[in-house]
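Some notes on the structure that comes next.
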Amino acid sequence: MAETQTQALWWASESFWRKMAIWVTAGSFVVLIFLTFDTVKQITAGGKRVPAYSVINHRVDYVFDEERNFQVPVIGPEEPLFGKKLTEDEAEALVSKGKLTTQAKNCMGCHTLLGNGSYYAPDLTKSWLDPSWGSKEVREQSMVEFLMDPTDKLHNAIGRRMPNLGITEAEARATVAFLKWMSAIDTNGFPTNFQPIDQADAAPEVAVEAAPAVEVAAPVQQ
Amino acid sequence: MAALGVLDSANLNGGQKLAVKYFAVSVALFGAQVLFGLLAGLQYLNPEFLFGILDFSVNRMVHVNAMVVWLLFGFIGSVYWLLEDESGVPVVGLGFGNLIFWIFTLAVVVVVLVYLLVQVGPGEKSSIWLINEGREYIEAPRWADIGIVVCVLGFFYNVAATFMKGKITGIGGVLLFDLIALAGLYLAGMWFTPNISMDQHWWWWVIHLWVEATWEVLVGCLMAYGLIKTMGVRRKIVETWLYIEVALMFGSGILGLGHHYFWIGTPEYWFTIGGFFSALEPIPLVAMVVHALFDAGHHKLKSNNNPALGWIIGQAFGNFFGAGVWGFMHTLPQINLYTHGTQWTASHGHLAFFGAYVTMVIAFFYIAVQKWRGNVWMSGNLVGAWKWKWAMFLLWAGMITMTMALLIAGYEQSQIERAIGGSDWMAYFAAQAHRWFTQAMVWRQVGGWMFALGFVLLVWDLMTIGKRETRSTYVIEPEMAKAAV
Ligand code: HEM
Ligand code: HEM
Ligand SMILES: [Fe+2]
């Protein structure tokens with residue numbers, strides 16, 4: 001046709017860019033597929049990054065790692081959730097129930113999990129390790145009670161309460177299991193500078209209590 | 001033919017008659033989005049507002065779901081709008097297309113009613129099948145997911161069969177290819193796993209590969225058609241640009257997916273891959289600005305549909321700033337570590353969705369009403385032009401006000417909650433209670449009201465623009481090869 005003038009410039013020609021579009025798309029997609037195989041393998045529960053569900057039988061901590069230069073989850077001594085050691089299958093069933101609860105109640109409609117979701121309430125990635133639960137001895141029970149009836153347990157000055165979502169005790173316990181398991185995922189150091197609840201043994205009375213002030217956050221890293 | 005300036009479906013071809021139905025539902029859901037956004041925003045100012053009745057999670061879910069659905073309806077409508085023009089033949093299965101439209105609309109209504117009335121369910125599989133899946137943007141319960149896939153496949157069949165029967169233009173070819181990807185990706189978000197890392201890994205396939213790949217290319221097609229229609233830009237030029245955009249967008253956007261794989265348990269190599277490729281994503285968006293402005297300037301901004309052209313140029317800029325600039329600013333892992341999941345993200349989310357997608361769908365609304373009223377005059381000296389201009393101004397001003405307010409809130413959170421406080425419960429509320437944050441929430445609401453006013457004006461304008469207009473629009477002459485540079 002009458003397009004000779006533009007066709008002379010190969011880099012401005014339609015057919016050149018059509019081919020480019022196809023090749024670039026196909027190429028990127030193939031690379032993505034390869035990476036996806038590897039990633040899925042690495043994030044399957046039971047691996048190094050995403051622990052087996054039975055990790056809830058153990059203490060979970062979040063400690064600065066010199067080599068990787070950020071905080072990483074550390075799996076500690078045996079410390080079964082609600083004092084009951086579970087088999088791998090039982091643990092998976094419990095965490096699964098907890099995850100279903102978070103979906104059915106749409107926790108992500110207010111909270112972020114692993115930093116994704118909504119911004120109306122605190123991130124739950126490390127909620128299991130949050131110092132505001134008081135002490136490690138009362139934590140499990142406090143969490144269950146909070147989830148079942150949060151409306152009269154206000155923890156902030158701006159009056160933003162969590163509503164009652166009709167969570168049963170079984171659901172609350174399962175949700176706590178899910179939260180504990182989630183805190184053991186290796187998130188490449190997110191959230192950064194998080195000061196976990198004191199979980200050291202021995203010392204029987206370590207009153208962590210009373211709203212820990214934000215300013216005290218000592219720089220553990222950098 | 002009906003009289004000029006009267007809404008009459010005799011002015012439309014078959015596909016377009018179906019398109020305007022999609023557009024009508026689309027506008028209604030846009031209204032729902034704005035309403036529930038305002039409610040959610042008010043809860044930031046007064047947490048007791050509707051507490052226990054319509055909780056924040058419910059309002060927000062309706063807000064973002066209405067957005068996804070009204071934009072999809074707008075896209076489907078736009079595709080039906082251009083289908084007969086592009087392919088040169090009538091839509092193959094129009095009756096079937098209508099049936100799907102009604103099923104789809106009914107399903108959406110049921111889903112929203114269940115969101116509002118049932119809200120939450122017990123922690124069992126039945127809840128995610130029947131009530132909601134609790135996964136941002138794609139909360140729709142599983143039965144609806146399946147329905148959506150079926151409807152989209154039906155739509156795809158109609159588009160594909162029509163193009164195949166007629167001719168497959170460059171725009172048509174890209175569109176077909178893109179729609180397959182768009183529908184296929186939805187499947188990645190449709191299964192349950194207790195593993196939250198795995199869950200979010202696939203969830204991002206849907207969200208990211210939609211908005212930063214397939215939806216971008218879809219609006220690229222719409223932009224191409226829009227430029228041909230409103231200004232008579234030569235097809236060869238727009239189609240070449242379309243291929244360039246596809247190459248750049250998919251080339252950066254597909255692997256750019258990695259910018260969501262920094263913190264969810266996925267391996268460390270995504271820092272490099274995600275950071276690098278997503279940093280390239282603004283390039284196609286620059287290309288789109290250059291393209292749209294070049295064409296508009298080349299045609300001396302002479303168009304047969306000024307409101308549509310205004311929104312198309314707005315799209316080029318909005319896409320560039322909202323997605324390109326705002327996206328780039330938090331896409332590197334060193335920065336994202338602090339901004340991840342703060343109001344920073346919401347700032348970007350708002351400007352990007354509005355700039356890239358809302359604008360384009362509104363442009364198509366204007367293209368549609370013009371023809372629906374018998375190709376009325378919509379260029380200079382349009383009767384009542386103040387309405388479209390003010391609607392456009394208020395929507396943009398409202399959106400920019402919200403975006404800026406959220407940006408300030410996001411910076412404050414990154415600093416106080418994240419960097420200093422270490423992101424725990426108390427640090428979160430220290431940041432939420434800070435004056436810079438609370439003030440920003442007030443300004444977001446002010447922006448929200450401006451936006452809502454703009455929306456009302458937009459609806460009024462769409463219902464009245466060109467009414468009783470006596471001039472007919474001029475025919476756009478397809479530009480000759482020689483005139484192009
Ligand atoms: C029109 C195109 C785009 C739209 C509609 C869009 C929309 C969004 C939305 C809604 C979110 C929040 C998702 C959530 O709820 O968690 C998001 C996140 C994000 N977007 Fe975009 N985006 C677009 C393009 C881009 C581009 C081009 C870039 C980078 C150059 C980018 C970078 C990011 C990043 C890094 C996040 C994660 C934020 C976080 O860590 O919380 N986006 N985007
Ligand atoms: C009346 C105007 C609007 C108001 C008051 C409003 C308010 C809100 C609020 C309060 C949220 C929840 C943010 C959070 O979790 O803290 C939200 C989320 C969101 N809104 Fe809007 N909104 C409005 C209009 C829009 C428009 C026009 C769009 C785009 C087309 C939009 C897109 C979004 C998106 C994508 C999110 C999720 C963001 C994320 O997760 O990062 N909104 N909006
Ligand atoms: Fe993305």
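In the structure tokens, each chain is lettered A, B, ... as it comes, each chain's residues begin at 1, and ligands are numbered from 1 in order of appearance.
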- prompt: What are the residues of chain A that have an atom within 7 Å of an atom of chain B, counting only C-alpha atoms, as JSON, numbers by chain?
  reply: {"A": [2, 3, 13, 14, 17, 18, 20, 21, 24, 25, 28, 29, 32, 39, 43, 45, 49, 50, 95, 96, 97, 99, 100, 101, 103, 104, 105, 106, 108, 109, 110, 112, 114, 115, 116, 117, 119, 122, 130, 156, 158, 159, 160, 163, 171, 185, 186, 187, 188, 190, 191, 192, 193, 194, 195, 214, 215, 217]}
Backbone-only DSSP, strand (DSSP E or B) members of chain A, as an mmCIF file with N, CA, C and O atoms, in the first residue's frame:
```cif
data_model
loop_
_atom_site.group_PDB
_atom_site.id
_atom_site.type_symbol
_atom_site.label_atom_id
_atom_site.label_comp_id
_atom_site.auth_asym_id
_atom_site.auth_seq_id
_atom_site.Cartn_x
_atom_site.Cartn_y
_atom_site.Cartn_z
ATOM 1 N N HIS A 58 6.030 -25.590 69.020
ATOM 2 C CA HIS A 58 7.302 -25.029 69.492
ATOM 3 C C HIS A 58 7.189 -23.550 69.767
ATOM 4 O O HIS A 58 6.287 -22.869 69.290
ATOM 5 N N ARG A 59 8.172 -23.051 70.513
ATOM 6 C CA ARG A 59 8.285 -21.612 70.681
ATOM 7 C C ARG A 59 8.716 -21.004 69.343
ATOM 8 O O ARG A 59 9.525 -21.584 68.622
ATOM 9 N N VAL A 60 8.158 -19.858 69.028
ATOM 10 C CA VAL A 60 8.563 -19.152 67.816
ATOM 11 C C VAL A 60 9.103 -17.797 68.246
ATOM 12 O O VAL A 60 8.479 -17.110 69.057
ATOM 13 N N ASP A 61 10.260 -17.436 67.735
ATOM 14 C CA ASP A 61 10.799 -16.123 68.080
ATOM 15 C C ASP A 61 11.179 -15.377 66.798
ATOM 16 O O ASP A 61 11.061 -15.923 65.697
ATOM 17 N N TYR A 62 11.588 -14.144 66.935
ATOM 18 C CA TYR A 62 11.903 -13.308 65.765
ATOM 19 C C TYR A 62 13.175 -12.559 66.125
ATOM 20 O O TYR A 62 13.145 -11.618 66.907
ATOM 21 N N VAL A 63 14.296 -13.008 65.548
ATOM 22 C CA VAL A 63 15.607 -12.586 66.027
ATOM 23 C C VAL A 63 16.457 -12.039 64.885
ATOM 24 O O VAL A 63 16.394 -12.548 63.765
ATOM 25 N N PHE A 64 17.258 -11.032 65.194
ATOM 26 C CA PHE A 64 18.097 -10.443 64.151
ATOM 27 C C PHE A 64 19.188 -11.416 63.713
ATOM 28 O O PHE A 64 19.857 -12.030 64.534
ATOM 29 N N ASP A 65 19.345 -11.547 62.411
ATOM 30 C CA ASP A 65 20.332 -12.466 61.855
ATOM 31 C C ASP A 65 21.434 -11.638 61.202
ATOM 32 O O ASP A 65 21.169 -10.918 60.228
ATOM 33 N N PHE A 70 18.693 -9.018 58.647
ATOM 34 C CA PHE A 70 17.336 -8.664 59.093
ATOM 35 C C PHE A 70 16.845 -9.723 60.065
ATOM 36 O O PHE A 70 17.514 -10.730 60.279
ATOM 37 N N GLN A 71 15.663 -9.464 60.668
ATOM 38 C CA GLN A 71 15.139 -10.413 61.644
ATOM 39 C C GLN A 71 14.562 -11.640 60.943
ATOM 40 O O GLN A 71 13.922 -11.516 59.894
ATOM 41 N N VAL A 72 14.780 -12.790 61.553
ATOM 42 C CA VAL A 72 14.239 -14.036 60.988
ATOM 43 C C VAL A 72 13.544 -14.816 62.103
ATOM 44 O O VAL A 72 13.900 -14.686 63.272
ATOM 45 N N PRO A 73 12.548 -15.626 61.744
ATOM 46 C CA PRO A 73 11.895 -16.439 62.765
ATOM 47 C C PRO A 73 12.865 -17.516 63.268
ATOM 48 O O PRO A 73 13.624 -18.081 62.465
ATOM 49 N N VAL A 74 12.848 -17.758 64.552
ATOM 50 C CA VAL A 74 13.686 -18.805 65.115
ATOM 51 C C VAL A 74 12.767 -19.776 65.852
ATOM 52 O O VAL A 74 11.953 -19.365 66.674
ATOM 53 N N ILE A 75 12.883 -21.044 65.505
ATOM 54 C CA ILE A 75 12.033 -22.057 66.141
ATOM 55 C C ILE A 75 12.746 -22.552 67.390
ATOM 56 O O ILE A 75 13.863 -23.067 67.303
ATOM 57 N N GLY A 76 12.117 -22.391 68.536
ATOM 58 C CA GLY A 76 12.760 -22.703 69.813
ATOM 59 C C GLY A 76 12.358 -24.054 70.369
ATOM 60 O O GLY A 76 11.901 -24.932 69.635
ATOM 61 N N PRO A 77 12.499 -24.202 71.657
ATOM 62 C CA PRO A 77 12.169 -25.474 72.322
ATOM 63 C C PRO A 77 10.673 -25.770 72.234
ATOM 64 O O PRO A 77 9.875 -24.901 71.889
ATOM 65 N N GLU A 78 10.347 -26.983 72.588
ATOM 66 C CA GLU A 78 8.949 -27.385 72.522
ATOM 67 C C GLU A 78 8.097 -26.534 73.474
ATOM 68 O O GLU A 78 8.433 -26.371 74.644
ATOM 69 N N THR A 112 -4.088 -6.192 57.876
ATOM 70 C CA THR A 112 -3.208 -6.790 56.876
ATOM 71 C C THR A 112 -2.647 -8.087 57.443
ATOM 72 O O THR A 112 -2.425 -8.210 58.642
ATOM 73 N N LEU A 113 -2.437 -9.055 56.564
ATOM 74 C CA LEU A 113 -1.731 -10.291 56.906
ATOM 75 C C LEU A 113 -0.538 -10.353 55.956
ATOM 76 O O LEU A 113 -0.718 -10.226 54.734
ATOM 77 N N ASN A 116 -0.588 -7.512 53.529
ATOM 78 C CA ASN A 116 -1.611 -7.311 52.494
ATOM 79 C C ASN A 116 -3.006 -7.352 53.092
ATOM 80 O O ASN A 116 -3.295 -8.182 53.946
ATOM 81 N N GLY A 117 -3.855 -6.477 52.626
ATOM 82 C CA GLY A 117 -5.213 -6.421 53.128
ATOM 83 C C GLY A 117 -5.631 -4.983 53.343
ATOM 84 O O GLY A 117 -5.448 -4.141 52.473
#
```
Nearest-residue call for ligand 3, choices B:Trp204, B:Tyr22, B:Trp191, B:Phe294, using only C-alpha atoms and all ligand atoms: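 Answer, going by the shortest atom-to-atom distance: B:Trp204.
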field: Residues within 6 Å of segment 127-129 of chain A, only C-alpha atoms, excluding chain neighbours under 5 positions, as JSON, numbers by chain
entry: {"A": [179, 180, 196, 197]}
Can those selected residues be exported to a file as a PDB file, in the first residue's frame so that it contains all heavy atoms?
```pdb
ATOM      1  N   LEU A 179      -2.383 -17.947  63.646  1.00  0.00           N
ATOM      2  CA  LEU A 179      -1.532 -16.767  63.854  1.00  0.00           C
ATOM      3  C   LEU A 179      -0.137 -17.187  64.327  1.00  0.00           C
ATOM      4  O   LEU A 179       0.872 -16.615  63.912  1.00  0.00           O
ATOM      5  CB  LEU A 179      -2.178 -15.818  64.866  1.00  0.00           C
ATOM      6  CG  LEU A 179      -3.458 -15.113  64.406  1.00  0.00           C
ATOM      7  CD1 LEU A 179      -4.096 -14.335  65.552  1.00  0.00           C
ATOM      8  CD2 LEU A 179      -3.178 -14.178  63.234  1.00  0.00           C
ATOM      9  N   LYS A 180      -0.098 -18.197  65.195  1.00  0.00           N
ATOM     10  CA  LYS A 180       1.208 -18.659  65.668  1.00  0.00           C
ATOM     11  C   LYS A 180       2.015 -19.240  64.511  1.00  0.00           C
ATOM     12  O   LYS A 180       3.189 -18.928  64.334  1.00  0.00           O
ATOM     13  CB  LYS A 180       1.041 -19.708  66.776  1.00  0.00           C
ATOM     14  CG  LYS A 180       2.384 -20.199  67.335  1.00  0.00           C
ATOM     15  CD  LYS A 180       2.237 -21.095  68.553  1.00  0.00           C
ATOM     16  CE  LYS A 180       3.620 -21.474  69.102  1.00  0.00           C
ATOM     17  NZ  LYS A 180       3.551 -22.438  70.206  1.00  0.00           N
ATOM     18  N   PRO A 196       9.708  -8.485  69.764  1.00  0.00           N
ATOM     19  CA  PRO A 196       8.766  -9.517  70.195  1.00  0.00           C
ATOM     20  C   PRO A 196       8.570  -9.553  71.713  1.00  0.00           C
ATOM     21  O   PRO A 196       9.389  -9.051  72.461  1.00  0.00           O
ATOM     22  CB  PRO A 196       9.403 -10.809  69.698  1.00  0.00           C
ATOM     23  CG  PRO A 196      10.781 -10.486  69.301  1.00  0.00           C
ATOM     24  CD  PRO A 196      10.947  -9.020  69.218  1.00  0.00           C
ATOM     25  N   ILE A 197       7.501 -10.153  72.130  1.00  0.00           N
ATOM     26  CA  ILE A 197       7.175 -10.367  73.530  1.00  0.00           C
ATOM     27  C   ILE A 197       8.292 -11.195  74.180  1.00  0.00           C
ATOM     28  O   ILE A 197       8.921 -12.016  73.515  1.00  0.00           O
ATOM     29  CB  ILE A 197       5.825 -11.111  73.623  1.00  0.00           C
ATOM     30  CG1 ILE A 197       5.302 -11.204  75.039  1.00  0.00           C
ATOM     31  CG2 ILE A 197       5.925 -12.492  73.009  1.00  0.00           C
ATOM     32  CD1 ILE A 197       3.847 -11.718  75.090  1.00  0.00           C
TER      33      ILE A 197
END
```
Residues at most 6 Å from Asn305 of chain B, counting only C-alpha atoms, excluding those fewer than 4 positions away in the same chain, as a tab-separated table (two decimals) with N, CA and C atoms, in the first residue's frame?
```tsv
chain	number	residue	atom	x	y	z
B	230	THR	N	-12.45	9.43	17.89
B	230	THR	CA	-12.68	10.83	18.22
B	230	THR	C	-11.89	11.78	17.36
B	378	MET	N	-20.68	17.27	19.78
B	378	MET	CA	-20.09	17.28	21.12
B	378	MET	C	-18.72	17.95	21.10
B	379	SER	N	-18.54	18.87	20.14
B	379	SER	CA	-17.26	19.57	20.09
B	379	SER	C	-17.42	20.94	20.75
```
task: Could you report the residues within 8 Å of ligand 2, using only C-alpha atoms and all ligand atoms, as JSON, numbers by chain?
output: {"A": [109, 110, 111, 116, 117, 118, 119, 120], "B": [30, 33, 34, 35, 36, 37, 38, 39, 40, 41, 42, 43, 44, 60, 63, 64, 67, 136, 341, 342, 343, 344, 345, 346, 347, 348, 349, 350, 351, 352, 353, 354, 357, 358, 398, 399, 402, 444, 445, 447, 448, 449, 450, 451, 452]}
Can those selected residues be exported to a file as a PDB file, in the first residue's frame so that it contains C-alpha atoms?
```
ATOM      1  CA  GLY A 109     -11.238  -6.386  55.527  1.00  0.00           C
ATOM      2  CA  CYS A 110      -9.646  -4.500  58.436  1.00  0.00           C
ATOM      3  CA  HIS A 111      -6.206  -6.024  59.002  1.00  0.00           C
ATOM      4  CA  ASN A 116      -1.611  -7.311  52.494  1.00  0.00           C
ATOM      5  CA  GLY A 117      -5.213  -6.421  53.128  1.00  0.00           C
ATOM      6  CA  SER A 118      -6.707  -3.365  54.805  1.00  0.00           C
ATOM      7  CA  TYR A 119      -5.185  -0.620  56.878  1.00  0.00           C
ATOM      8  CA  TYR A 120      -7.858  -0.054  59.506  1.00  0.00           C
TER       9      TYR A 120
ATOM     10  CA  PHE B  30     -19.745   3.160  40.448  1.00  0.00           C
ATOM     11  CA  GLN B  33     -18.443   2.248  45.197  1.00  0.00           C
ATOM     12  CA  VAL B  34     -18.470   5.952  46.006  1.00  0.00           C
ATOM     13  CA  LEU B  35     -21.156   5.540  48.672  1.00  0.00           C
ATOM     14  CA  PHE B  36     -19.403   2.727  50.518  1.00  0.00           C
ATOM     15  CA  GLY B  37     -16.043   4.472  50.176  1.00  0.00           C
ATOM     16  CA  LEU B  38     -17.552   7.453  51.949  1.00  0.00           C
ATOM     17  CA  LEU B  39     -18.916   5.224  54.719  1.00  0.00           C
ATOM     18  CA  ALA B  40     -15.557   3.507  55.211  1.00  0.00           C
ATOM     19  CA  GLY B  41     -13.802   6.863  55.227  1.00  0.00           C
ATOM     20  CA  LEU B  42     -16.200   8.196  57.855  1.00  0.00           C
ATOM     21  CA  GLN B  43     -15.359   5.286  60.112  1.00  0.00           C
ATOM     22  CA  TYR B  44     -11.776   6.489  60.224  1.00  0.00           C
ATOM     23  CA  ARG B  60     -14.606  -1.682  52.385  1.00  0.00           C
ATOM     24  CA  HIS B  63     -16.290  -0.509  48.038  1.00  0.00           C
ATOM     25  CA  VAL B  64     -13.510  -2.453  46.339  1.00  0.00           C
ATOM     26  CA  MET B  67     -15.007  -1.116  41.794  1.00  0.00           C
ATOM     27  CA  GLU B 136      -9.362  -8.610  49.135  1.00  0.00           C
ATOM     28  CA  GLY B 341       0.595  -2.164  53.750  1.00  0.00           C
ATOM     29  CA  THR B 342       0.300   1.461  54.855  1.00  0.00           C
ATOM     30  CA  GLN B 343      -1.874   4.283  53.553  1.00  0.00           C
ATOM     31  CA  TRP B 344       0.919   4.772  51.065  1.00  0.00           C
ATOM     32  CA  THR B 345      -0.409   1.745  49.251  1.00  0.00           C
ATOM     33  CA  ALA B 346      -3.946   3.115  49.400  1.00  0.00           C
ATOM     34  CA  SER B 347      -2.745   6.408  47.924  1.00  0.00           C
ATOM     35  CA  HIS B 348      -1.253   4.593  44.964  1.00  0.00           C
ATOM     36  CA  GLY B 349      -4.220   2.233  44.644  1.00  0.00           C
ATOM     37  CA  HIS B 350      -6.676   5.102  44.362  1.00  0.00           C
ATOM     38  CA  LEU B 351      -4.781   7.229  41.896  1.00  0.00           C
ATOM     39  CA  ALA B 352      -3.816   4.255  39.747  1.00  0.00           C
ATOM     40  CA  PHE B 353      -7.277   2.729  39.470  1.00  0.00           C
ATOM     41  CA  PHE B 354      -8.827   6.088  38.841  1.00  0.00           C
ATOM     42  CA  TYR B 357      -9.232   2.675  34.347  1.00  0.00           C
ATOM     43  CA  VAL B 358     -12.011   4.919  35.569  1.00  0.00           C
ATOM     44  CA  GLY B 398     -11.430  15.047  44.664  1.00  0.00           C
ATOM     45  CA  MET B 399      -9.183  12.177  43.646  1.00  0.00           C
ATOM     46  CA  MET B 402      -7.629  12.011  48.544  1.00  0.00           C
ATOM     47  CA  ARG B 444      -9.384  12.386  52.490  1.00  0.00           C
ATOM     48  CA  GLN B 445     -13.009  12.754  53.451  1.00  0.00           C
ATOM     49  CA  GLY B 447     -11.711  14.860  48.792  1.00  0.00           C
ATOM     50  CA  GLY B 448     -14.259  12.080  48.973  1.00  0.00           C
ATOM     51  CA  TRP B 449     -17.148  14.520  49.117  1.00  0.00           C
ATOM     52  CA  MET B 450     -15.752  16.462  46.181  1.00  0.00           C
ATOM     53  CA  PHE B 451     -15.455  13.242  44.295  1.00  0.00           C
ATOM     54  CA  ALA B 452     -19.014  12.271  45.158  1.00  0.00           C
TER      55      ALA B 452
END
```
message: Measuring between only C-alpha atoms and all ligand atoms, which one of B:Gly275, B:Gly173, B:Gly297, B:Gly466 shows the shortest distance to ligand 3?
response: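 Using only C-alpha atoms and all ligand atoms, ligand 3 sits closest to B:Gly275.
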message: as a count of residues only, please: every residue in segment 65-295 of chain B that a backbone DSSP assignment puts in helix (DSSP H, G or I).
response: 185
message: I'd like the contact shell of Phe82 of chain A - 10 Å cut-off, only C-alpha atoms, skipping same-chain residues fewer than 3 positions apart - returned as a PyMOL selection string.
response: chain A and resi 56-57+79+85+140-141+173+176-177
Take the residues from that selection and put them in a file with N, CA and C atoms, as a JSON list (two decimals), in the first residue's frame.
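What ended up in part.json:
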```json
[["chain", "number", "residue", "atom", "x", "y", "z"],
["A", 56, "ILE", "N", 3.62, -25.17, 65.55],
["A", 56, "ILE", "CA", 2.88, -24.61, 66.68],
["A", 56, "ILE", "C", 3.13, -25.37, 67.97],
["A", 57, "ASN", "N", 3.84, -26.51, 67.87],
["A", 57, "ASN", "CA", 4.24, -27.22, 69.08],
["A", 57, "ASN", "C", 5.47, -26.60, 69.72],
["A", 79, "GLU", "N", 7.01, -26.00, 72.96],
["A", 79, "GLU", "CA", 6.10, -25.19, 73.76],
["A", 79, "GLU", "C", 4.73, -25.30, 73.12],
["A", 85, "LYS", "N", 0.38, -31.17, 72.63],
["A", 85, "LYS", "CA", 1.20, -31.43, 71.46],
["A", 85, "LYS", "C", 0.37, -32.12, 70.37],
["A", 140, "GLU", "N", -1.97, -16.96, 75.28],
["A", 140, "GLU", "CA", -2.92, -17.79, 74.54],
["A", 140, "GLU", "C", -4.36, -17.51, 74.96],
["A", 141, "GLN", "N", -4.55, -17.46, 76.27],
["A", 141, "GLN", "CA", -5.89, -17.24, 76.77],
["A", 141, "GLN", "C", -6.39, -15.83, 76.42],
["A", 173, "ARG", "N", -9.53, -20.61, 69.01],
["A", 173, "ARG", "CA", -8.31, -21.38, 69.25],
["A", 173, "ARG", "C", -7.62, -21.72, 67.93],
["A", 176, "VAL", "N", -5.87, -18.68, 66.66],
["A", 176, "VAL", "CA", -4.61, -18.45, 67.35],
["A", 176, "VAL", "C", -3.53, -19.40, 66.80],
["A", 177, "ALA", "N", -3.92, -20.64, 66.53],
["A", 177, "ALA", "CA", -2.96, -21.58, 65.93],
["A", 177, "ALA", "C", -2.47, -21.05, 64.58]]
```
Atom CA of Leu106 of chain B to atom 16 (O, counted along the ligand's line) of ligand 1, straight-line distance in Å: 28.2 Å
- request: Would you list the contacts of Asn306 of chain B as a ChimeraX atom specification, taking every protein, DNA or RNA residue within 10 Å and counting only C-alpha atoms, but skipping same-chain residues closer than 6 positions in sequence?
  value: /B:230-231,312,363,366-367,377-380,382,385,388-389
